[in-house]
Structures are given as C-alpha cells and as structure tokens.
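Everything below concerns the one structure shown next.
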Amino acid sequence: MYIYMLLMMIKKLMYNSLINLPAPSNISTWWNFGSLLGLCLMIQIITGLFLTMHYSANIMIAFDSVIHICRDVNYGWLIRTFHANGASFFFFCIYFHIGRGIYYNSYMYMMETWMVGVLLLFLTMGTAFMGYVLPWGQMSFWGATVITNLLSAVPYLGIDLVQWVWGGFAVDNATLTRFLSFHFLLPFVVVAFTLIHLMFLHQTGSNNPIGLNSNIDKIPFHPFFTFKDIVGFIIMIMLLFMLTLINPYMLGDPDNFIPANPLVTPVHIQPEWYFLFAYAILRSIPNKLGGVIALVLSITILFILPFSHLNKFMGNQFYPINKFMYWIMVVTIILLTWIGARPVEIPYIITGQLLTVIYFSYYLLNPLINKMWDKLIN
C-alpha cells in the first residue's frame, strides 16, 4: 500500500514537472542548455562510477591504473575519454546557460534560482578541479600544487590551511585520497542542489526572451519542449562521440601523459581550458593575496547581479548600449581564456591586466548605463 502511494506521488511529481509544466511559448534554443546540463551530469556520474571500479588512489599506482583502464579494461579508453571530454561539454553548457541568464536578466525574475545556480557553479568547479588531479600526471600534480598553494595567501591561517588540505607537508598520497573522496561525493551534492534549483524554477516559471509576464501565453512542456530537448540531446551526444572517437585528447594537456614528478616543474603550468579565464585574472594581479581575491571575485560577483538590477525592462534586448557591452564582455572572457594558456611574459601580462579591468568594469558599468538609458527614454 505504502509502495503504491509512493509510486503515485512520484508519478504525479514527474507529470507536473516534465509533462504538464506550463512554459512560456516563446522561449528559444538558448533555454535548451539547462536540460543539456542535466544530461551532462548523468553522463559524468555513470562514466565516473565505472572508472572508480578500476582506479587506485595511491600515488605509486594512480597513473598506472589510468593506463590500465585505457589499455586493459574493455572499452575503458572510451569511458575514460568520454568522462574527460564530458567535463568540457559540461562547462561549455554551463557558460552558455549563465550567459543566457545574464543577457535576458533571468536573475531578477527568479533570484533564488540564480543564487542556487551560482552555488552549483562553485560545486561543479570544485568537483572538476579534484577530478583533474586524479590521473596523477605532471600537469595534474603541479596544477594541484599551484592552486592549493593559493590558500597560503590567507593572512595568519594560510600555511595551516594549505597543510590541512594537503594532509601533510606536500601534495602526496593523503591529498590524492581525499581528492578522490570529494570527487566521488560532490556530484551527488550537485544532484541535490540541482533538484533545489529546479524546485525554485518551477515555483516562478521560466523567464522568456521579451522579459514580460507570460502567464497569459503558456503551453505544456510536453510535447513542445520535450522534443526540442531531445533534439538538443541528440546533437550534443553526437558532438561528444565525434570528439571522443576522432580526437579524444584534443582538449587535454600533453604533459599529463608523463607520470607526476615533484622534482621536474613543467615549463608552463596551466589548468583545463574551462578554468583559464579565472587563471588569467589570478595571474594579472602582481600581489598574491590580491590575485586570489580577484580569482574568487570573478565568480562570486555573479551573486550581486540580482541586487544591481536597476532597469525598468528585463533583458538587454531593449538596451542597445548594454547589448554591445555584453558582447564585449563575452569577447573579453574568450581572450582571457586565450591569455591563460600563454606564457607569463610581455605582451601577455599587460593584455591580461587590461582584460581583467574590462571584465570587472562590465559589472559596475552595466547597471549605471541601464539607469541612464531609462532616463533618456523618459
């Protein structure tokens, strides 16, 4: 009896969330990235579980266990490259999802959904960083050493924090073990926060391209948007398979094919491509503490967006100057990603500093120009 009631509750929840959910009739393809992120999360969890069955979190055999997965386990090479490239697709979808939210001012329409979304970004970044350390190649080891060392910039507590994270006096076996534990557990925390994210979304409903109240013009989620999402799923899986089967290591670093060696520092230490924009901001500040603050602010600044919203209309489509500024900001992030992969030398240093100023200026100038444009309209 109780099982039947539970099944009926699940059925009703699924019906209200995926079939009969009222959705604005005019939402475009840019709204597909939310569902694509759900698919990416499922792919990462499933492939990750299979990889965990064969991976060994010990610095003596971690690198060899990854080689074993690729060479000896049936289709291990496919699961490993699918997982690695799946992370890249995950961040590709995240950045498009956030970009759409900023362009259409979705953060104002659904503040709680936005706040949980930014928390999800932090959790995903943490999960990805810990996963990058696990293969225990040269770039994995030195990336972990450099990034965890940033905690030493914290006044008074810095050195203690670094040693606490390492579990010793260097990046060693204890570090690798705890990174595997958190890399395994955090995706399930991400799933929990995703459900909270969806709960808030379903309370307010989705935003739409024109930013007006769409209660008078809503249609059921199924079949109109389920088929649209399925098309998105097919395209993304096809692209992921193409990348994995044609050039699986295109987005990886060649240094990670070398086992970790604490005595040999790579010529140019850099994280994965999806962290490069933040890494470029970190490097652009000469002071270590200032660089760490700028690094953290580059993401946490997204929290202030709902509170800096001063315009009368929702979305940049009614504000031509802000629309232009938005695309300048997009180009700035792309250039910062490129700068992050360049050596620390002239002219890349000054270019990175200039781009960092432009990046942070967007968040300060955007609401002011919104307000100015509203006065001009009046």
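Numbering starts fresh at 1 for the residues of each chain in the structure tokens, the chains themselves are lettered A, B, ... in the order given, and ligands are numbered from 1 as they appear.
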
Quick one: contact table of region 170-250 of chain A to region 157-163 of chain A, 10 Å max, nearest atom pair and distance in Å to one decimal per residue, counting only C-alpha atoms, chain and number order, as JSON lines?
{"residue": "A:Ala170", "atom": "CA", "partner": "A:Gln163", "partner_atom": "CA", "distance": 7.4}
{"residue": "A:Val171", "atom": "CA", "partner": "A:Gln163", "partner_atom": "CA", "distance": 8.9}
{"residue": "A:Thr175", "atom": "CA", "partner": "A:Gln163", "partner_atom": "CA", "distance": 9.7}

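Residues of region 239-278 of chain A that DSSP, applied to the backbone, places in alpha helix (DSSP H): Leu239, Leu240, Phe241, Met242, Leu243, Thr244, Leu245, Ile246, Leu276, Phe277 and Ala278 of chain A.
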
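Residues surrounding His83 (chain A) within 9 Å are Ile43, Gln44, Ile45, Ile46, Thr47, Gly48, Leu51 and Leu78 of chain A [only C-alpha atoms; sequence separation below 5 positions excluded].
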
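CA of Ser206 (chain A) sits 12.9 Å away from CA of His97 (chain A).
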
- Message: What's around Arg80 (chain A) at 10 Å? Count only C-alpha atoms, leave out sequence neighbours fewer than 5 positions away in its own chain, and write the answer as a PyMOL selection string.
- Response: chain A and resi 47-48+50-51+66+69-70+75+85-86+244+248

Output for the residues just chosen: C-alpha atoms as a PDB file, in the first residue's frame:
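Dumped to part.pdb:
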ATOM      1  CA  THR A  47      31.079   7.066 -16.523  1.00  0.00           C
ATOM      2  CA  GLY A  48      32.656   8.150 -13.215  1.00  0.00           C
ATOM      3  CA  PHE A  50      32.668   2.765 -13.956  1.00  0.00           C
ATOM      4  CA  LEU A  51      36.066   4.493 -13.735  1.00  0.00           C
ATOM      5  CA  VAL A  66      44.588   5.105 -15.600  1.00  0.00           C
ATOM      6  CA  ILE A  69      41.799   1.454 -17.679  1.00  0.00           C
ATOM      7  CA  CYS A  70      42.675   2.694 -21.183  1.00  0.00           C
ATOM      8  CA  TYR A  75      36.098  -0.095 -23.638  1.00  0.00           C
ATOM      9  CA  ASN A  85      35.505  15.305 -22.688  1.00  0.00           C
ATOM     10  CA  GLY A  86      32.122  15.189 -20.938  1.00  0.00           C
ATOM     11  CA  THR A 244      35.867  11.223 -28.343  1.00  0.00           C
ATOM     12  CA  PRO A 248      39.869  12.271 -27.758  1.00  0.00           C
TER      13      PRO A 248
END

- Message: Neighbouring residues of Met236 (chain A) were defined as those with any atom within 10 Å, considering only C-alpha atoms; residues of the same chain fewer than 2 positions away were excluded. Please report them as a PyMOL selection string.
- Response: chain A and resi 36+39-40+89+93+230-234+238-242

Since we have the selection now, will you write its residues out, keeping all heavy atoms, as a tab-separated table (two decimals), in the first residue's frame?
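Result file part.tsv:
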chain	number	residue	atom	x	y	z
A	36	LEU	N	20.42	20.20	-21.16
A	36	LEU	CA	21.67	19.60	-21.60
A	36	LEU	C	22.62	19.40	-20.41
A	36	LEU	O	23.37	18.42	-20.36
A	36	LEU	CB	22.35	20.47	-22.66
A	36	LEU	CG	21.69	20.51	-24.04
A	36	LEU	CD1	22.42	21.47	-24.96
A	36	LEU	CD2	21.65	19.12	-24.67
A	39	LEU	N	21.72	16.24	-18.70
A	39	LEU	CA	22.26	15.09	-19.43
A	39	LEU	C	23.75	14.92	-19.16
A	39	LEU	O	24.23	13.81	-18.92
A	39	LEU	CB	22.00	15.28	-20.94
A	39	LEU	CG	22.58	14.20	-21.87
A	39	LEU	CD1	21.89	12.86	-21.64
A	39	LEU	CD2	22.46	14.62	-23.33
A	40	CYS	N	24.49	16.05	-19.18
A	40	CYS	CA	25.94	16.01	-18.90
A	40	CYS	C	26.22	15.44	-17.51
A	40	CYS	O	27.13	14.63	-17.33
A	40	CYS	CB	26.53	17.41	-19.00
A	40	CYS	SG	26.72	18.03	-20.67
A	89	PHE	N	32.29	19.48	-22.10
A	89	PHE	CA	30.94	19.79	-22.60
A	89	PHE	C	30.07	20.35	-21.47
A	89	PHE	O	29.24	21.22	-21.70
A	89	PHE	CB	30.30	18.54	-23.21
A	89	PHE	CG	30.62	18.35	-24.66
A	89	PHE	CD1	31.87	17.89	-25.06
A	89	PHE	CD2	29.69	18.64	-25.64
A	89	PHE	CE1	32.19	17.74	-26.39
A	89	PHE	CE2	29.99	18.48	-27.00
A	89	PHE	CZ	31.24	18.03	-27.37
A	93	CYS	N	28.28	23.99	-21.67
A	93	CYS	CA	26.84	24.22	-21.46
A	93	CYS	C	26.60	25.17	-20.28
A	93	CYS	O	25.70	26.01	-20.34
A	93	CYS	CB	26.13	22.89	-21.21
A	93	CYS	SG	26.07	21.83	-22.65
A	230	ILE	N	15.04	16.80	-26.77
A	230	ILE	CA	15.56	15.55	-27.33
A	230	ILE	C	16.48	15.84	-28.53
A	230	ILE	O	17.54	15.21	-28.67
A	230	ILE	CB	14.40	14.60	-27.73
A	230	ILE	CG1	13.75	14.03	-26.47
A	230	ILE	CG2	14.89	13.47	-28.63
A	230	ILE	CD1	12.41	13.37	-26.70
A	231	VAL	N	16.09	16.81	-29.35
A	231	VAL	CA	16.94	17.22	-30.49
A	231	VAL	C	18.28	17.73	-29.96
A	231	VAL	O	19.35	17.39	-30.47
A	231	VAL	CB	16.24	18.31	-31.35
A	231	VAL	CG1	17.21	18.89	-32.37
A	231	VAL	CG2	15.03	17.72	-32.06
A	232	GLY	N	18.23	18.54	-28.88
A	232	GLY	CA	19.46	19.03	-28.25
A	232	GLY	C	20.32	17.90	-27.72
A	232	GLY	O	21.54	17.90	-27.89
A	233	PHE	N	19.67	16.90	-27.08
A	233	PHE	CA	20.39	15.73	-26.56
A	233	PHE	C	21.13	14.99	-27.69
A	233	PHE	O	22.30	14.65	-27.55
A	233	PHE	CB	19.43	14.74	-25.88
A	233	PHE	CG	18.86	15.22	-24.57
A	233	PHE	CD1	17.86	14.49	-23.94
A	233	PHE	CD2	19.30	16.39	-23.98
A	233	PHE	CE1	17.31	14.92	-22.73
A	233	PHE	CE2	18.76	16.83	-22.77
A	233	PHE	CZ	17.77	16.09	-22.15
A	234	ILE	N	20.42	14.78	-28.79
A	234	ILE	CA	21.00	14.03	-29.92
A	234	ILE	C	22.21	14.77	-30.49
A	234	ILE	O	23.26	14.17	-30.74
A	234	ILE	CB	19.93	13.79	-31.02
A	234	ILE	CG1	18.86	12.82	-30.51
A	234	ILE	CG2	20.57	13.26	-32.30
A	234	ILE	CD1	17.60	12.76	-31.37
A	238	MET	N	26.03	13.42	-30.20
A	238	MET	CA	26.73	13.22	-31.48
A	238	MET	C	28.07	13.96	-31.48
A	238	MET	O	29.10	13.40	-31.86
A	238	MET	CB	25.85	13.72	-32.62
A	238	MET	CG	26.42	13.45	-34.00
A	238	MET	SD	25.32	14.04	-35.31
A	238	MET	CE	25.51	15.82	-35.13
A	239	LEU	N	28.08	15.22	-31.02
A	239	LEU	CA	29.32	16.01	-30.97
A	239	LEU	C	30.32	15.41	-29.98
A	239	LEU	O	31.52	15.36	-30.25
A	239	LEU	CB	29.01	17.45	-30.57
A	239	LEU	CG	28.26	18.31	-31.61
A	239	LEU	CD1	27.85	19.64	-31.00
A	239	LEU	CD2	29.12	18.54	-32.84
A	240	LEU	N	29.80	14.91	-28.84
A	240	LEU	CA	30.66	14.29	-27.83
A	240	LEU	C	31.31	13.02	-28.37
A	240	LEU	O	32.51	12.77	-28.18
A	240	LEU	CB	29.86	14.00	-26.56
A	240	LEU	CG	30.60	13.43	-25.34
A	240	LEU	CD1	31.80	14.29	-24.96
A	240	LEU	CD2	29.66	13.28	-24.15
A	241	PHE	N	30.51	12.21	-29.10
A	241	PHE	CA	31.05	10.99	-29.71
A	241	PHE	C	32.08	11.33	-30.78
A	241	PHE	O	33.12	10.66	-30.89
A	241	PHE	CB	29.92	10.14	-30.31
A	241	PHE	CG	29.45	9.04	-29.40
A	241	PHE	CD1	28.18	9.08	-28.83
A	241	PHE	CD2	30.28	7.97	-29.10
A	241	PHE	CE1	27.75	8.07	-27.98
A	241	PHE	CE2	29.85	6.95	-28.25
A	241	PHE	CZ	28.59	7.01	-27.70
A	242	MET	N	31.80	12.38	-31.58
A	242	MET	CA	32.73	12.77	-32.64
A	242	MET	C	34.08	13.18	-32.05
A	242	MET	O	35.14	12.76	-32.51
A	242	MET	CB	32.15	13.93	-33.46
A	242	MET	CG	31.10	13.51	-34.47
A	242	MET	SD	30.30	14.93	-35.24
A	242	MET	CE	31.65	15.67	-36.13

- Of the candidates A:Thr337, A:Ser308, A:Ser298, A:Thr124, which shows the shortest atom-to-atom distance to Tyr359 (chain A), using only C-alpha atoms? A:Ser298

- Using only C-alpha atoms, pick whichever of A:Met108, A:Asp172, A:His183, A:Val133 has the shortest atom-to-atom distance to Lys312 (chain A).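 Checking each of A:Met108, A:Asp172, A:His183, A:Val133 against Lys312 (chain A), counting only C-alpha atoms, the winner is A:Met108.
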
Using only C-alpha atoms, find each residue of region 29-91 of chain A with at least one atom at most 10 Å away from an atom of region 265-276 of chain A; report its shortest atom-to-atom pair and that distance in Å (one decimal), sort the rows by chain and rising residue number, and return the result as a tab-separated table.
residue	atom	partner	partner_atom	distance
A:Ala87	CA	A:Tyr274	CA	9.2
A:Ser88	CA	A:Tyr274	CA	7.1
A:Phe89	CA	A:Tyr274	CA	9.8
A:Phe90	CA	A:Tyr274	CA	9.7
A:Phe91	CA	A:Tyr274	CA	6.5
